[in-house]
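Source file: protein27.csv (CSV, C-alpha atoms)
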```
chain,number,residue,atom,x,y,z
A,1,MET,CA,-33.4,-30.2,56.3
A,2,ASN,CA,-35.6,-32.8,54.7
A,3,LYS,CA,-37.3,-30.2,52.7
A,4,PHE,CA,-33.9,-29.0,51.4
A,5,LYS,CA,-33.0,-32.6,50.4
A,6,GLU,CA,-36.2,-32.9,48.5
A,7,MET,CA,-35.5,-29.7,46.7
A,8,MET,CA,-32.0,-30.9,45.7
A,9,ARG,CA,-33.6,-34.1,44.2
A,10,ASP,CA,-35.8,-31.9,42.0
A,11,SER,CA,-34.2,-31.7,38.6
A,12,THR,CA,-36.1,-28.5,37.7
A,13,PHE,CA,-34.8,-26.8,40.8
A,14,ILE,CA,-31.2,-27.9,39.9
A,15,ARG,CA,-31.5,-26.7,36.3
A,16,TRP,CA,-32.9,-23.3,37.4
A,17,SER,CA,-30.2,-22.9,40.1
A,18,PHE,CA,-27.4,-23.6,37.5
A,19,PHE,CA,-29.1,-21.2,35.1
A,20,ILE,CA,-29.3,-18.4,37.7
A,21,LEU,CA,-25.7,-19.1,38.8
A,22,PHE,CA,-24.4,-19.1,35.2
A,23,ASN,CA,-26.1,-15.8,34.4
A,24,ALA,CA,-24.9,-14.2,37.6
A,25,VAL,CA,-21.3,-15.2,36.8
A,26,LEU,CA,-21.7,-14.0,33.2
A,27,LEU,CA,-23.1,-10.7,34.3
A,28,TYR,CA,-20.2,-10.2,36.7
A,29,ILE,CA,-17.7,-11.0,34.0
A,30,MET,CA,-19.4,-8.6,31.6
A,31,PHE,CA,-19.5,-5.9,34.3
A,32,GLY,CA,-15.8,-6.3,34.9
A,33,VAL,CA,-15.0,-6.2,31.2
A,34,ILE,CA,-17.1,-3.0,30.6
A,35,LYS,CA,-15.6,-1.4,33.7
A,36,ASN,CA,-12.1,-2.1,32.6
A,37,LEU,CA,-12.7,-1.9,28.9
A,38,GLY,CA,-10.0,0.8,28.4
A,39,ASP,CA,-7.3,-1.3,30.1
A,40,ILE,CA,-8.4,-4.5,28.4
A,41,SER,CA,-8.4,-2.9,24.9
A,42,GLU,CA,-5.0,-1.3,25.6
A,43,GLN,CA,-3.5,-4.6,26.6
A,44,ALA,CA,-5.1,-6.4,23.6
A,45,LEU,CA,-3.6,-3.7,21.2
A,46,LYS,CA,-0.2,-4.2,22.8
A,47,ILE,CA,-0.4,-8.0,22.3
A,48,ILE,CA,-1.5,-7.5,18.7
A,49,ASN,CA,1.3,-5.0,18.0
A,50,THR,CA,3.8,-7.3,19.6
A,51,ILE,CA,2.7,-10.2,17.4
A,52,ILE,CA,2.8,-7.9,14.3
A,53,GLU,CA,6.2,-6.6,15.2
A,54,ALA,CA,7.5,-10.2,15.7
A,55,PHE,CA,6.2,-11.3,12.3
A,56,TRP,CA,6.8,-8.0,10.5
A,57,PRO,CA,9.7,-9.3,8.4
A,58,LEU,CA,7.5,-12.2,7.2
A,59,ILE,CA,4.7,-9.8,6.4
A,60,ILE,CA,7.1,-7.6,4.4
A,61,GLY,CA,8.4,-10.7,2.6
A,62,LEU,CA,4.9,-11.9,1.7
A,63,ILE,CA,3.9,-8.5,0.3
A,64,LEU,CA,7.1,-8.1,-1.7
A,65,ALA,CA,6.9,-11.7,-3.0
A,66,TYR,CA,3.3,-11.1,-4.1
A,67,LEU,CA,4.1,-7.8,-5.9
A,68,LEU,CA,7.4,-8.9,-7.5
A,69,ASN,CA,6.5,-12.5,-8.5
A,70,PRO,CA,4.7,-11.5,-11.8
A,71,LEU,CA,7.8,-9.5,-12.9
A,72,SER,CA,10.0,-12.4,-11.8
A,73,GLU,CA,8.0,-14.9,-13.8
A,74,LEU,CA,8.0,-12.6,-16.8
A,75,ILE,CA,11.8,-12.3,-16.7
A,76,ASP,CA,12.1,-16.0,-16.2
A,77,ASP,CA,10.0,-16.8,-19.2
A,78,LYS,CA,11.2,-14.2,-21.6
A,79,LEU,CA,14.9,-13.8,-20.8
A,80,VAL,CA,16.5,-16.4,-18.4
A,81,ALA,CA,14.7,-19.4,-20.0
A,82,LYS,CA,16.3,-18.6,-23.3
A,83,LEU,CA,19.7,-18.4,-21.8
A,84,ILE,CA,19.5,-21.5,-19.5
A,85,LYS,CA,18.0,-24.5,-21.3
A,86,LEU,CA,16.7,-27.5,-19.3
A,87,PRO,CA,18.4,-30.9,-19.9
A,88,ASP,CA,16.4,-34.0,-20.7
A,89,ASP,CA,17.4,-35.7,-17.4
A,90,PRO,CA,14.5,-35.0,-14.9
A,91,ILE,CA,16.8,-34.8,-11.9
A,92,LYS,CA,19.2,-32.4,-13.6
A,93,ALA,CA,16.3,-30.5,-15.1
A,94,GLU,CA,14.8,-29.9,-11.6
A,95,LYS,CA,18.2,-28.6,-10.3
A,96,ARG,CA,18.7,-26.4,-13.4
A,97,GLU,CA,15.2,-25.1,-13.1
A,98,GLY,CA,15.8,-24.1,-9.4
A,99,LEU,CA,19.0,-22.3,-10.5
A,100,ARG,CA,17.2,-20.5,-13.3
A,101,ARG,CA,14.4,-19.5,-10.9
A,102,LEU,CA,17.0,-18.1,-8.4
A,103,ILE,CA,18.7,-16.1,-11.1
A,104,SER,CA,15.4,-14.6,-12.3
A,105,VAL,CA,14.4,-13.7,-8.7
A,106,LEU,CA,17.8,-12.1,-7.9
A,107,PHE,CA,17.7,-10.2,-11.2
A,108,THR,CA,14.2,-8.9,-10.4
A,109,VAL,CA,15.1,-7.8,-6.9
A,110,ILE,CA,18.3,-6.0,-8.1
A,111,LEU,CA,16.4,-4.4,-11.0
A,112,VAL,CA,13.7,-3.0,-8.6
A,113,ILE,CA,16.3,-1.8,-6.0
A,114,ALA,CA,18.3,-0.1,-8.8
A,115,ALA,CA,15.1,1.6,-10.1
A,116,ILE,CA,14.2,2.9,-6.6
A,117,ILE,CA,17.8,4.2,-6.0
A,118,ALA,CA,17.8,5.9,-9.4
A,119,LEU,CA,14.4,7.6,-8.7
A,120,MET,CA,15.6,8.8,-5.2
A,121,TYR,CA,18.9,10.1,-6.7
A,122,GLY,CA,17.1,11.8,-9.5
A,123,PHE,CA,14.6,13.6,-7.2
A,124,THR,CA,17.5,14.6,-4.9
A,125,VAL,CA,19.4,16.1,-7.8
A,126,LEU,CA,16.2,17.8,-8.9
A,127,LEU,CA,15.9,19.4,-5.4
A,128,ILE,CA,19.5,20.3,-4.5
A,129,GLY,CA,21.6,19.8,-7.6
A,130,LYS,CA,24.8,17.9,-7.4
A,131,VAL,CA,24.8,15.3,-4.6
A,132,VAL,CA,27.9,14.6,-2.5
A,133,PHE,CA,27.6,11.3,-0.7
A,134,ASN,CA,31.0,11.2,0.9
A,135,ASP,CA,30.2,14.2,3.2
A,136,LEU,CA,26.9,14.1,5.1
A,137,SER,CA,27.2,17.6,6.5
A,138,ALA,CA,27.9,19.0,3.0
A,139,LEU,CA,24.9,17.2,1.7
A,140,MET,CA,22.7,18.7,4.4
A,141,GLU,CA,24.1,22.1,3.8
A,142,SER,CA,23.4,21.8,0.1
A,143,PHE,CA,19.8,20.7,0.9
A,144,MET,CA,19.2,23.6,3.2
A,145,ALA,CA,20.7,26.1,0.8
A,146,ALA,CA,18.4,24.8,-1.9
A,147,LEU,CA,15.4,25.2,0.4
A,148,VAL,CA,16.5,28.8,1.2
A,149,SER,CA,16.7,29.6,-2.5
A,150,TYR,CA,13.3,28.1,-3.1
A,151,GLU,CA,11.9,30.2,-0.2
A,152,ASP,CA,13.5,33.4,-1.6
A,153,THR,CA,12.1,32.7,-5.1
A,154,PHE,CA,8.6,32.0,-3.6
A,155,ARG,CA,8.7,35.2,-1.5
A,156,ASN,CA,9.9,37.3,-4.5
A,157,TRP,CA,7.0,35.8,-6.6
A,158,ILE,CA,4.5,36.8,-3.8
A,159,ALA,CA,5.9,40.3,-3.7
A,160,THR,CA,5.8,40.7,-7.5
A,161,ASN,CA,2.6,39.0,-8.4
A,162,MET,CA,0.3,39.1,-5.4
A,163,PRO,CA,-1.3,42.3,-4.1
A,164,ASP,CA,-0.8,43.3,-0.5
A,165,GLY,CA,-3.4,41.8,1.6
A,166,MET,CA,-4.5,38.8,3.7
A,167,LEU,CA,-3.7,36.2,1.0
A,168,SER,CA,-0.1,37.4,0.5
A,169,GLU,CA,0.4,37.5,4.3
A,170,LYS,CA,-0.9,34.0,4.7
A,171,LEU,CA,1.4,32.7,1.9
A,172,GLY,CA,4.3,34.4,3.6
A,173,GLU,CA,3.3,32.8,7.0
A,174,ILE,CA,3.1,29.4,5.4
A,175,ALA,CA,6.6,29.8,3.9
A,176,THR,CA,8.0,30.9,7.2
A,177,TYR,CA,6.4,27.9,9.0
A,178,VAL,CA,7.6,25.4,6.5
A,179,MET,CA,11.2,26.7,6.6
A,180,GLY,CA,11.2,26.8,10.4
A,181,TRP,CA,10.0,23.2,10.6
A,182,LEU,CA,12.5,22.1,8.0
A,183,SER,CA,15.4,23.8,9.8
A,184,GLU,CA,14.4,22.3,13.1
A,185,ASN,CA,13.9,18.7,11.8
A,186,ILE,CA,16.4,18.4,9.0
A,187,SER,CA,20.0,18.6,10.2
A,188,VAL,CA,22.9,16.2,10.5
A,189,SER,CA,22.0,15.3,14.2
A,190,SER,CA,18.3,14.8,13.4
A,191,LEU,CA,19.3,12.7,10.4
A,192,ILE,CA,21.6,10.5,12.5
A,193,ALA,CA,18.9,10.2,15.1
A,194,THR,CA,16.3,9.2,12.5
A,195,PHE,CA,18.6,6.6,11.0
A,196,THR,CA,19.2,5.2,14.5
A,197,ASN,CA,15.5,5.0,15.2
A,198,ILE,CA,14.7,3.3,11.9
A,199,GLY,CA,17.7,0.9,12.1
A,200,GLY,CA,15.4,-1.8,13.3
A,201,SER,CA,13.0,-1.1,10.4
A,202,VAL,CA,15.8,-1.3,7.9
A,203,ILE,CA,16.8,-4.7,9.3
A,204,ASP,CA,13.2,-5.9,9.0
A,205,VAL,CA,13.1,-4.7,5.4
A,206,VAL,CA,16.4,-6.5,4.6
A,207,ILE,CA,15.1,-9.7,6.2
A,208,GLY,CA,11.8,-9.3,4.4
A,209,VAL,CA,13.6,-9.0,1.1
A,210,ILE,CA,15.5,-12.2,1.8
A,211,ILE,CA,12.3,-14.0,2.8
A,212,SER,CA,10.6,-12.7,-0.5
A,213,ILE,CA,13.5,-14.2,-2.5
A,214,TYR,CA,13.0,-17.6,-0.9
A,215,LEU,CA,9.2,-17.4,-1.3
A,216,MET,CA,9.5,-16.5,-5.0
A,217,LYS,CA,12.3,-19.1,-5.7
A,218,ASP,CA,10.4,-22.0,-4.0
A,219,LYS,CA,6.9,-20.8,-4.9
A,220,LYS,CA,5.6,-24.3,-5.9
A,221,PHE,CA,6.9,-25.8,-2.6
A,222,PHE,CA,5.2,-23.2,-0.4
A,223,LEU,CA,2.0,-23.4,-2.3
A,224,GLY,CA,2.0,-27.2,-1.8
A,225,LEU,CA,2.5,-26.7,1.9
A,226,TRP,CA,-0.4,-24.2,2.0
A,227,ARG,CA,-2.7,-26.7,0.3
A,228,LYS,CA,-1.7,-29.4,2.7
A,229,PHE,CA,-2.3,-27.1,5.6
A,230,LEU,CA,-5.8,-26.3,4.4
A,231,HIS,CA,-6.6,-29.9,3.7
A,232,LEU,CA,-5.5,-31.0,7.2
A,233,THR,CA,-7.1,-28.1,9.1
A,234,PHE,CA,-10.5,-27.6,7.4
A,235,PRO,CA,-13.2,-30.0,6.1
A,236,GLN,CA,-13.6,-30.4,2.4
A,237,LYS,CA,-16.4,-27.8,2.2
A,238,GLY,CA,-14.5,-25.2,4.3
A,239,ASN,CA,-11.3,-25.9,2.3
A,240,ALA,CA,-13.2,-25.2,-1.0
A,241,VAL,CA,-14.8,-22.0,0.4
A,242,ILE,CA,-11.4,-20.6,1.6
A,243,THR,CA,-9.6,-21.6,-1.7
A,244,GLU,CA,-12.4,-20.0,-3.8
A,245,THR,CA,-12.4,-16.8,-1.7
A,246,LEU,CA,-8.7,-16.4,-1.8
A,247,SER,CA,-8.7,-17.0,-5.5
A,248,GLU,CA,-11.3,-14.2,-5.9
A,249,VAL,CA,-9.2,-11.9,-3.7
A,250,ASN,CA,-6.1,-12.6,-5.7
A,251,ASN,CA,-8.0,-12.0,-8.9
A,252,VAL,CA,-9.1,-8.5,-7.7
A,253,LEU,CA,-5.7,-7.6,-6.3
A,254,SER,CA,-3.6,-8.8,-9.2
A,255,LYS,CA,-5.8,-7.2,-11.8
A,256,PHE,CA,-5.8,-3.8,-10.0
A,257,ILE,CA,-2.1,-3.8,-9.2
A,258,ARG,CA,-0.9,-4.8,-12.7
A,259,GLY,CA,-3.4,-2.5,-14.4
A,260,ALA,CA,-2.6,0.5,-12.1
A,261,LEU,CA,1.2,0.1,-12.6
A,262,LEU,CA,0.8,-0.2,-16.3
A,263,ASP,CA,-1.4,2.8,-16.4
A,264,ALA,CA,1.1,4.7,-14.3
A,265,LEU,CA,3.8,3.8,-16.8
A,266,PHE,CA,1.7,5.3,-19.6
A,267,ILE,CA,1.1,8.4,-17.6
A,268,ALA,CA,4.8,8.8,-16.8
A,269,ILE,CA,5.8,8.4,-20.5
A,270,LEU,CA,3.1,10.8,-21.8
A,271,SER,CA,3.8,13.4,-19.0
A,272,SER,CA,7.5,13.3,-19.6
A,273,ILE,CA,7.0,13.8,-23.4
A,274,GLY,CA,4.6,16.6,-22.9
A,275,LEU,CA,6.7,18.5,-20.3
A,276,SER,CA,9.8,17.9,-22.4
A,277,ILE,CA,8.1,19.5,-25.5
A,278,MET,CA,7.3,22.6,-23.5
A,279,GLY,CA,10.9,22.8,-22.3
A,280,LEU,CA,10.3,22.4,-18.5
A,281,GLU,CA,13.4,21.6,-16.5
A,282,ALA,CA,13.6,18.0,-15.1
A,283,ALA,CA,10.6,17.1,-17.2
A,284,VAL,CA,11.4,13.3,-17.1
A,285,PHE,CA,11.6,13.1,-13.3
A,286,ILE,CA,8.4,15.3,-12.9
A,287,GLY,CA,6.7,13.1,-15.4
A,288,VAL,CA,7.7,9.9,-13.5
A,289,PHE,CA,6.5,11.5,-10.3
A,290,ALA,CA,3.1,12.3,-11.9
A,291,GLY,CA,2.9,8.6,-13.1
A,292,ILE,CA,3.6,7.3,-9.6
A,293,CYS,CA,1.1,9.6,-8.1
A,294,ASN,CA,-1.5,8.5,-10.6
A,295,VAL,CA,-1.8,5.2,-8.7
A,296,ILE,CA,-3.8,7.2,-6.1
A,297,PRO,CA,-7.4,7.7,-7.5
A,298,TYR,CA,-8.7,11.3,-7.7
A,299,PHE,CA,-6.1,12.9,-5.4
A,300,GLY,CA,-3.0,11.5,-7.1
A,301,PRO,CA,-3.2,13.5,-10.3
A,302,VAL,CA,-3.5,16.7,-8.3
A,303,ILE,CA,-0.5,15.8,-6.2
A,304,GLY,CA,1.5,15.1,-9.4
A,305,MET,CA,0.7,18.6,-10.8
A,306,VAL,CA,2.3,20.3,-7.8
A,307,PRO,CA,6.0,19.9,-8.6
A,308,ALA,CA,5.3,20.7,-12.3
A,309,PHE,CA,3.7,24.0,-11.3
A,310,LEU,CA,6.4,24.8,-8.8
A,311,MET,CA,9.2,24.0,-11.3
A,312,GLY,CA,7.6,26.2,-13.9
A,313,LEU,CA,6.9,29.0,-11.4
A,314,PHE,CA,10.5,29.0,-10.0
A,315,THR,CA,12.2,28.9,-13.4
A,316,GLU,CA,10.1,30.9,-15.9
A,317,GLY,CA,7.2,32.3,-14.0
A,318,PHE,CA,3.6,31.8,-13.2
A,319,TRP,CA,2.4,31.1,-16.8
A,320,GLU,CA,5.1,28.5,-17.3
A,321,GLY,CA,3.7,26.6,-14.3
A,322,ALA,CA,0.2,27.1,-15.5
A,323,ILE,CA,1.0,25.6,-18.9
A,324,ALA,CA,2.7,22.6,-17.2
A,325,VAL,CA,-0.5,22.0,-15.1
A,326,ILE,CA,-2.7,22.3,-18.3
A,327,ILE,CA,-0.5,19.7,-20.1
A,328,LEU,CA,-0.8,17.3,-17.2
A,329,PHE,CA,-4.5,18.0,-16.9
A,330,VAL,CA,-5.1,17.1,-20.6
A,331,ILE,CA,-3.0,13.9,-20.2
A,332,GLN,CA,-5.1,13.0,-17.2
A,333,GLN,CA,-8.3,13.5,-19.2
A,334,ILE,CA,-7.0,11.2,-21.9
A,335,ASP,CA,-6.1,8.7,-19.3
A,336,ALA,CA,-9.4,8.8,-17.5
A,337,ASN,CA,-11.5,8.4,-20.7
A,338,LEU,CA,-9.3,6.2,-22.9
A,339,ILE,CA,-6.3,4.5,-21.2
A,340,TYR,CA,-7.6,3.7,-17.6
A,341,PRO,CA,-10.9,2.0,-18.6
A,342,LYS,CA,-9.0,-0.2,-21.1
A,343,ILE,CA,-6.1,-1.2,-18.8
A,344,VAL,CA,-7.6,-1.2,-15.3
A,345,GLY,CA,-11.4,-1.1,-16.1
A,346,SER,CA,-13.6,-2.2,-13.3
A,347,SER,CA,-11.1,-4.7,-11.9
A,348,THR,CA,-12.3,-4.2,-8.3
A,349,GLY,CA,-16.0,-3.8,-9.2
A,350,LEU,CA,-16.3,-0.8,-7.0
A,351,HIS,CA,-18.7,2.1,-7.7
A,352,PRO,CA,-16.8,5.4,-8.3
A,353,LEU,CA,-18.5,6.8,-5.2
A,354,MET,CA,-17.2,3.9,-3.1
A,355,VAL,CA,-13.7,4.5,-4.6
A,356,LEU,CA,-13.8,8.2,-3.6
A,357,LEU,CA,-15.1,7.4,-0.1
A,358,SER,CA,-12.5,4.6,0.5
A,359,VAL,CA,-9.6,6.9,-0.7
A,360,SER,CA,-10.9,9.7,1.6
A,361,VAL,CA,-11.3,7.5,4.7
A,362,PHE,CA,-8.1,5.5,4.3
A,363,GLY,CA,-6.2,8.7,3.5
A,364,TYR,CA,-7.5,10.3,6.7
A,365,PHE,CA,-6.2,7.4,8.8
A,366,GLY,CA,-3.2,6.3,6.8
A,367,GLY,CA,-2.0,9.3,4.8
A,368,ILE,CA,-0.5,8.7,1.4
A,369,LEU,CA,0.0,5.0,2.1
A,370,GLY,CA,-3.6,4.7,3.1
A,371,MET,CA,-4.6,6.3,-0.3
A,372,LEU,CA,-2.4,3.9,-2.2
A,373,LEU,CA,-4.0,0.9,-0.4
A,374,ALA,CA,-7.5,2.2,-0.2
A,375,VAL,CA,-8.9,0.8,-3.5
A,376,PRO,CA,-7.4,-2.8,-3.3
A,377,ILE,CA,-8.4,-3.1,0.4
A,378,ALA,CA,-12.0,-1.9,-0.4
A,379,GLY,CA,-12.1,-4.4,-3.3
A,380,VAL,CA,-11.1,-7.2,-0.9
A,381,ILE,CA,-13.7,-6.1,1.6
A,382,GLN,CA,-16.3,-6.1,-1.1
A,383,VAL,CA,-15.4,-9.7,-2.0
A,384,PHE,CA,-16.1,-10.9,1.5
A,385,VAL,CA,-19.3,-8.8,1.8
A,386,VAL,CA,-20.6,-10.2,-1.5
A,387,LYS,CA,-19.6,-13.7,-0.4
A,388,TRP,CA,-21.5,-13.3,2.9
A,389,ALA,CA,-24.5,-11.8,1.2
A,390,THR,CA,-24.6,-14.7,-1.4
A,391,ASN,CA,-24.4,-17.3,1.4
A,392,LYS,CA,-27.2,-15.6,3.3
A,393,GLU,CA,-29.4,-15.4,0.3
A,394,ASN,CA,-28.8,-19.1,-0.5
A,395,LYS,CA,-29.7,-20.1,3.1
A,396,LEU,CA,-32.9,-18.1,2.9
A,397,SER,CA,-33.9,-19.6,-0.4
A,398,VAL,CA,-33.3,-23.1,1.0
A,399,GLN,CA,-35.5,-22.3,4.0
A,400,LYS,CA,-38.3,-21.1,1.7
A,401,GLU,CA,-38.4,-24.1,-0.5
A,402,PRO,CA,-39.7,-26.6,2.1
A,403,SER,CA,-42.5,-24.1,3.2
A,404,GLU,CA,-43.5,-23.7,-0.5
A,405,THR,CA,-43.7,-27.4,-1.1
A,406,GLU,CA,-45.9,-27.8,2.0
```
How would this structure read if it were set down as structure tokens?
Amino acid sequence: MNKFKEMMRDSTFIRWSFFILFNAVLLYIMFGVIKNLGDISEQALKIINTIIEAFWPLIIGLILAYLLNPLSELIDDKLVAKLIKLPDDPIKAEKREGLRRLISVLFTVILVIAAIIALMYGFTVLLIGKVVFNDLSALMESFMAALVSYEDTFRNWIATNMPDGMLSEKLGEIATYVMGWLSENISVSSLIATFTNIGGSVIDVVIGVIISIYLMKDKKFFLGLWRKFLHLTFPQKGNAVITETLSEVNNVLSKFIRGALLDALFIAILSSIGLSIMGLEAAVFIGVFAGICNVIPYFGPVIGMVPAFLMGLFTEGFWEGAIAVIILFVIQQIDANLIYPKIVGSSTGLHPLMVLLSVSVFGYFGGILGMLLAVPIAGVIQVFVVKWATNKENKLSVQKEPSETE
């Protein structure tokens, strides 16, 4: 007993005892985490998904506000500011400026929604002809009839132009599979079920649009709150680092988005003109589609050529589709060598190989949306990696300096 009391008075023994106990508890916790890693990761993903779903309208609002704010400011400066003049009284001027800003934001949102509806309507008319919105069943019947006519045209083209063999059989099997999938998944009942399932998403989008309107209207107020939050939360050095990093991220994103959209506009105009000159049906809508697809590096131009080839194939024949593809290919070469470097340039600073890899990887996991977001996300990641590497290099240089002076 006395020997035990003496051991307890020994500080070295106490320290080693606590050290062994702490490591034993830590190993036990690590064993439990590794053993139940699947359940823990599943619960963690559920918690993350729940948080994202709860804040999803806010996320949508932030994205929309970021994308639409440049257009809103352009409309405010070039159009609304000339119609609504600010008075000399500062109080009245502030109120009038808020009203002017609200009008600009609402006009921007209405303009974008109208453009989206017009594009959707145009592509629907392109596919099925006249659209009847007052009868859903008639609309679906028209859509299925159009698909059947496309299938018949495609099969007739295979029978006329393709020799009997494995290739023609495979093309016929693909047409049968696509039509079977469409007939099973596209009907009035499936459409109603789809709208029922995405009802919550539609509500989230509507709330997100409303949030984006508030964010764009009161941009100065929310930016002031953000600066106060950073000032109260982080020390001066951390605040400066975060502000500088976010500024670099915004610079990369804004340059890429604005450049890519302007480049897509040029491609849409040139494609529409080229396809109209050759006399292709629905040349304008196919040209607009090619411009939209051009936002996706490497794969987008190929996707944009598909409807042009199919329209030429189904209307005039194979060579008409081939000429349409050649026209779009020439326009893409002009864009790649002249327009794109001038408008977009190296806005993200990514090597072409990294762009290709990012588009492939993000496209594998996220489909078309992943391809659209691949380059800006890769550019943002590069900003953080360069920032980390620079800080690491600075620390190493600081550590070497004392040793060299010694």
Measuring atom to atom with all atoms listed in the file, identify which of A:Met216, A:Ala308, A:Ala322, A:Leu21 is nearest to Leu275 (chain A).
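When distances to Leu275 (chain A) are compared using all atoms listed in the file, the smallest one comes from A:Ala308.
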Between A:Leu396, A:Leu215, A:Val241, A:Ile381, which residue has the minimum interatomic distance to Tyr66 (chain A), considering all atoms listed in the file?
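Selected residue with least distance to Tyr66 (chain A): A:Leu215.
Nearest-residue note for Leu58 (chain A): choosing from A:Val295, A:Leu372, A:Val288, A:Ile207, the minimum distance belongs to A:Ile207, counting all atoms listed in the file.
Atom pair CA of Ile269 (chain A) / CA of Val105 (chain A) has a distance of 26.5 Å (rounded to one decimal).
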What lies within 9 Å of Leu74 (chain A) using only C-alpha atoms, ignoring chain neighbours under 5 positions off, as a PDB file with C-alpha atoms, in the coordinates of the input?
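Generated file (around-v5.pdb):
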```
ATOM      1  CA  ASN A  69       6.500 -12.500  -8.500  1.00  0.00           C
ATOM      2  CA  LEU A  79      14.900 -13.800 -20.800  1.00  0.00           C
ATOM      3  CA  SER A 104      15.400 -14.600 -12.300  1.00  0.00           C
TER       4      SER A 104
END
```
Completion of region 83-102 of chain A up to N, CA and C atoms, as a PDB file, keeping the file's coordinate frame:
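Output (out00.pdb):
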```pdb
ATOM      1  N   LEU A  83      18.301 -18.255 -21.997  1.00  0.00           N
ATOM      2  CA  LEU A  83      19.700 -18.400 -21.800  1.00  0.00           C
ATOM      3  C   LEU A  83      20.122 -19.678 -21.112  1.00  0.00           C
ATOM      4  N   ILE A  84      19.246 -20.209 -20.253  1.00  0.00           N
ATOM      5  CA  ILE A  84      19.500 -21.500 -19.500  1.00  0.00           C
ATOM      6  C   ILE A  84      18.499 -22.498 -19.982  1.00  0.00           C
ATOM      7  N   LYS A  85      18.929 -23.449 -20.786  1.00  0.00           N
ATOM      8  CA  LYS A  85      18.000 -24.500 -21.300  1.00  0.00           C
ATOM      9  C   LYS A  85      18.027 -25.670 -20.273  1.00  0.00           C
ATOM     10  N   LEU A  86      16.874 -26.319 -20.158  1.00  0.00           N
ATOM     11  CA  LEU A  86      16.700 -27.500 -19.300  1.00  0.00           C
ATOM     12  C   LEU A  86      17.172 -28.744 -19.961  1.00  0.00           C
ATOM     13  N   PRO A  87      17.964 -29.589 -19.287  1.00  0.00           N
ATOM     14  CA  PRO A  87      18.400 -30.900 -19.900  1.00  0.00           C
ATOM     15  C   PRO A  87      17.229 -31.870 -19.893  1.00  0.00           C
ATOM     16  N   ASP A  88      17.454 -32.981 -20.582  1.00  0.00           N
ATOM     17  CA  ASP A  88      16.400 -34.000 -20.700  1.00  0.00           C
ATOM     18  C   ASP A  88      16.304 -34.834 -19.391  1.00  0.00           C
ATOM     19  N   ASP A  89      17.387 -34.977 -18.666  1.00  0.00           N
ATOM     20  CA  ASP A  89      17.400 -35.700 -17.400  1.00  0.00           C
ATOM     21  C   ASP A  89      16.464 -35.020 -16.400  1.00  0.00           C
ATOM     22  N   PRO A  90      15.413 -35.696 -15.844  1.00  0.00           N
ATOM     23  CA  PRO A  90      14.500 -35.000 -14.900  1.00  0.00           C
ATOM     24  C   PRO A  90      15.172 -34.474 -13.667  1.00  0.00           C
ATOM     25  N   ILE A  91      16.123 -35.219 -13.101  1.00  0.00           N
ATOM     26  CA  ILE A  91      16.800 -34.800 -11.900  1.00  0.00           C
ATOM     27  C   ILE A  91      17.640 -33.520 -12.168  1.00  0.00           C
ATOM     28  N   LYS A  92      18.428 -33.587 -13.251  1.00  0.00           N
ATOM     29  CA  LYS A  92      19.200 -32.400 -13.600  1.00  0.00           C
ATOM     30  C   LYS A  92      18.343 -31.252 -14.027  1.00  0.00           C
ATOM     31  N   ALA A  93      17.228 -31.550 -14.677  1.00  0.00           N
ATOM     32  CA  ALA A  93      16.300 -30.500 -15.100  1.00  0.00           C
ATOM     33  C   ALA A  93      15.715 -29.759 -13.890  1.00  0.00           C
ATOM     34  N   GLU A  94      15.390 -30.524 -12.844  1.00  0.00           N
ATOM     35  CA  GLU A  94      14.800 -29.900 -11.600  1.00  0.00           C
ATOM     36  C   GLU A  94      15.852 -28.987 -10.971  1.00  0.00           C
ATOM     37  N   LYS A  95      17.113 -29.446 -10.891  1.00  0.00           N
ATOM     38  CA  LYS A  95      18.200 -28.600 -10.300  1.00  0.00           C
ATOM     39  C   LYS A  95      18.414 -27.370 -11.153  1.00  0.00           C
ATOM     40  N   ARG A  96      18.458 -27.569 -12.478  1.00  0.00           N
ATOM     41  CA  ARG A  96      18.700 -26.400 -13.400  1.00  0.00           C
ATOM     42  C   ARG A  96      17.532 -25.431 -13.326  1.00  0.00           C
ATOM     43  N   GLU A  97      16.313 -25.950 -13.171  1.00  0.00           N
ATOM     44  CA  GLU A  97      15.200 -25.100 -13.100  1.00  0.00           C
ATOM     45  C   GLU A  97      15.216 -24.230 -11.784  1.00  0.00           C
ATOM     46  N   GLY A  98      15.670 -24.865 -10.673  1.00  0.00           N
ATOM     47  CA  GLY A  98      15.800 -24.100  -9.400  1.00  0.00           C
ATOM     48  C   GLY A  98      16.867 -23.014  -9.563  1.00  0.00           C
ATOM     49  N   LEU A  99      17.991 -23.310 -10.237  1.00  0.00           N
ATOM     50  CA  LEU A  99      19.000 -22.300 -10.500  1.00  0.00           C
ATOM     51  C   LEU A  99      18.493 -21.178 -11.357  1.00  0.00           C
ATOM     52  N   ARG A 100      17.756 -21.554 -12.389  1.00  0.00           N
ATOM     53  CA  ARG A 100      17.200 -20.500 -13.300  1.00  0.00           C
ATOM     54  C   ARG A 100      16.205 -19.650 -12.557  1.00  0.00           C
ATOM     55  N   ARG A 101      15.403 -20.262 -11.704  1.00  0.00           N
ATOM     56  CA  ARG A 101      14.400 -19.500 -10.900  1.00  0.00           C
ATOM     57  C   ARG A 101      15.133 -18.531  -9.968  1.00  0.00           C
ATOM     58  N   LEU A 102      16.219 -18.989  -9.338  1.00  0.00           N
ATOM     59  CA  LEU A 102      17.000 -18.100  -8.400  1.00  0.00           C
ATOM     60  C   LEU A 102      17.578 -16.946  -9.165  1.00  0.00           C
TER      61      LEU A 102
END
```
